[in-house]
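Novice: The structure follows.
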Amino acid sequence: MNIESLLYLPLDIENPPTDYLDHLNNLNIEKLYDDKYRHCYHVPIMYDFKPGNFAWTPYALPYPSLREWAEDVLFPLFGRSRIMIITTPAGATNPPHIDCSREKFETSLQHKFRYVLQGNIDDLYFMSNRGDVQTPAGPDKPFIMSGKWPHYMTNTSNDTKFTLALGAPWDGDVNDASYVELLSRSYNKHKNDYLQADFELPENYGDLFEDNYDFRQRAKKFLKH
Ligand SMILES: [Fe+2]
C-alpha cells in the first residue's frame, strides 16, 4: 500500500448504524443544499459556523444513533470535522470532478471518509489516462477515497443514494501515526479491494477543478436560511 497514491480502501472499523434510513428517504430533497458542481444534494450533519468549532446541525437531531456512533467510533479516529450525507437521486450522475482546490491538489493527501448508507459502492469510478477504474462492489464497510483524483458517480440503483461523508478540514495526514496504523490494519484485511493510482491522471484533469472553489461560503449561505 502507498498512502500517497491510495484511491480506495475499505476500513477495518465498526460500520455506522442505518436505522434512520426511513427518515432520510422521506426528506424532501428539493429543500436540501443543492451542490451545483457535483450535481447532488447534501444533508449537513456537522458544521463549524466558527472555524474549528464543530457542532451538530438541526438536521442531525433525528439521528441519535448516528451521533452516538460518531462520538464513539469516528471522532476518536479522525477528530471532528464537517459531516454531511451526500444525497444523489436514482439515476442521477455526479459528473467528473475533483474534491479540492488547485492549490491543495499538490500539497495534501485529500483523503475522504465515506460510507454508503444506501446504494451501490461500485457506482463510483476513478478516471485515468488508461480509462475509467470502477470501485469494487464491497465489502460493506466505511472507506477512504482520494478526493483529489478525478472521479464520477452514477446512481444506478432505483433508490436515492445516501453516502455519509466526513469532509474538510479533515483530509488525512501521513504524519498521523494512528491514521497510518488504521490504514495498514485495514489494508491487511481488505487488500483485495484496495485501489491504488498505478496510472497517470487523465489528460484533461485540469479542466475538472471547480472554478472559484468556495464550498464554505455556499454552505454558510444555505445553513442560514
Ligand atoms: Fe467527489
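The chains in the C-alpha cells are called A, B, ... from first to last as shown; in each chain the residues are counted from 1, and the ligands are counted from 1 in the order shown.
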Taking only C-alpha atoms and all ligand atoms into account, report as a VMD selection string which residues have an atom no farther than 10 Å from an atom of ligand 1.
Specialist: chain A and resid 37 to 38 86 94 to 100 112 124 126 145 to 153 165
Novice: Can you tell me, as an MDAnalysis selection string, what residues are no more than 8 Å from Phe113 (chain A) when counting only C-alpha atoms, ignoring any on the same chain fewer than 3 positions away?
Specialist: chainID A and resid 142:145 165:167
Novice: Residues as selected, all heavy atoms, written as an mmCIF file, in the first residue's frame, can you do that?
Specialist:
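File produced: selection.cif:
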data_model
loop_
_atom_site.group_PDB
_atom_site.id
_atom_site.type_symbol
_atom_site.label_atom_id
_atom_site.label_comp_id
_atom_site.auth_asym_id
_atom_site.auth_seq_id
_atom_site.Cartn_x
_atom_site.Cartn_y
_atom_site.Cartn_z
ATOM 1 N N PRO A 142 -17.125 1.271 5.803
ATOM 2 C CA PRO A 142 -16.669 2.632 5.500
ATOM 3 C C PRO A 142 -15.363 2.548 4.702
ATOM 4 O O PRO A 142 -14.643 1.544 4.787
ATOM 5 C CB PRO A 142 -16.412 3.238 6.880
ATOM 6 C CG PRO A 142 -17.158 2.385 7.851
ATOM 7 C CD PRO A 142 -17.160 1.004 7.251
ATOM 8 N N PHE A 143 -15.057 3.563 3.939
ATOM 9 C CA PHE A 143 -13.821 3.537 3.167
ATOM 10 C C PHE A 143 -13.185 4.911 3.090
ATOM 11 O O PHE A 143 -13.835 5.926 3.356
ATOM 12 C CB PHE A 143 -14.046 2.963 1.759
ATOM 13 C CG PHE A 143 -15.058 3.705 0.909
ATOM 14 C CD1 PHE A 143 -14.684 4.787 0.120
ATOM 15 C CD2 PHE A 143 -16.386 3.303 0.889
ATOM 16 C CE1 PHE A 143 -15.606 5.456 -0.666
ATOM 17 C CE2 PHE A 143 -17.321 3.970 0.096
ATOM 18 C CZ PHE A 143 -16.930 5.043 -0.681
ATOM 19 N N ILE A 144 -11.910 4.892 2.761
ATOM 20 C CA ILE A 144 -11.183 6.125 2.451
ATOM 21 C C ILE A 144 -11.032 6.190 0.942
ATOM 22 O O ILE A 144 -10.703 5.181 0.296
ATOM 23 C CB ILE A 144 -9.783 6.122 3.106
ATOM 24 C CG1 ILE A 144 -9.894 6.122 4.635
ATOM 25 C CG2 ILE A 144 -8.944 7.310 2.620
ATOM 26 C CD1 ILE A 144 -10.488 7.380 5.239
ATOM 27 N N MET A 145 -11.315 7.353 0.362
ATOM 28 C CA MET A 145 -11.051 7.545 -1.066
ATOM 29 C C MET A 145 -10.222 8.808 -1.247
ATOM 30 O O MET A 145 -10.200 9.685 -0.384
ATOM 31 C CB MET A 145 -12.356 7.665 -1.860
ATOM 32 C CG MET A 145 -13.169 8.887 -1.518
ATOM 33 S SD MET A 145 -14.621 9.099 -2.583
ATOM 34 C CE MET A 145 -13.871 9.768 -4.079
ATOM 35 N N ALA A 165 -20.438 11.243 4.766
ATOM 36 C CA ALA A 165 -19.140 11.785 4.360
ATOM 37 C C ALA A 165 -18.545 12.646 5.461
ATOM 38 O O ALA A 165 -19.196 13.548 5.985
ATOM 39 C CB ALA A 165 -19.310 12.627 3.095
ATOM 40 N N LEU A 166 -17.313 12.326 5.840
ATOM 41 C CA LEU A 166 -16.534 13.215 6.703
ATOM 42 C C LEU A 166 -15.628 14.008 5.772
ATOM 43 O O LEU A 166 -14.833 13.435 5.030
ATOM 44 C CB LEU A 166 -15.700 12.407 7.701
ATOM 45 C CG LEU A 166 -14.835 13.224 8.655
ATOM 46 C CD1 LEU A 166 -15.671 13.803 9.791
ATOM 47 C CD2 LEU A 166 -13.703 12.377 9.238
ATOM 48 N N GLY A 167 -15.799 15.327 5.777
ATOM 49 C CA GLY A 167 -15.069 16.134 4.808
ATOM 50 C C GLY A 167 -14.127 17.121 5.461
ATOM 51 O O GLY A 167 -13.725 16.944 6.616
#
Novice: So which one's closest to Leu6 (chain A), A:Asp19, A:Asp198, A:Asp123, A:Asp176? Using only C-alpha atoms, please.
Specialist: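 Once distances to Leu6 (chain A) are computed over only C-alpha atoms, the minimum belongs to A:Asp198.
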Novice: Find the residue from A:Ala60, A:Val73, A:Cys40, A:Leu182 that sits nearest to Asn155 (chain A); use only C-alpha atoms when measuring.
Specialist: A:Cys40
Novice: Give me, as a list in words, all polymer residues having an atom no more than 9 Å from Arg102 (chain A), counting only C-alpha atoms and skipping those fewer than 3 positions away in the same chain.
Specialist: Phe105, Glu106, Gly206, Phe209, Glu210 and Tyr213 of chain A
Novice: Looking at only C-alpha atoms, which of A:Trp170, A:Phe54, A:Tyr194, A:Phe199 is the one that sits closest to Gln110 (chain A)?
Specialist: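 Among A:Trp170, A:Phe54, A:Tyr194, A:Phe199, it is A:Trp170 that comes nearest to Gln110 (chain A).
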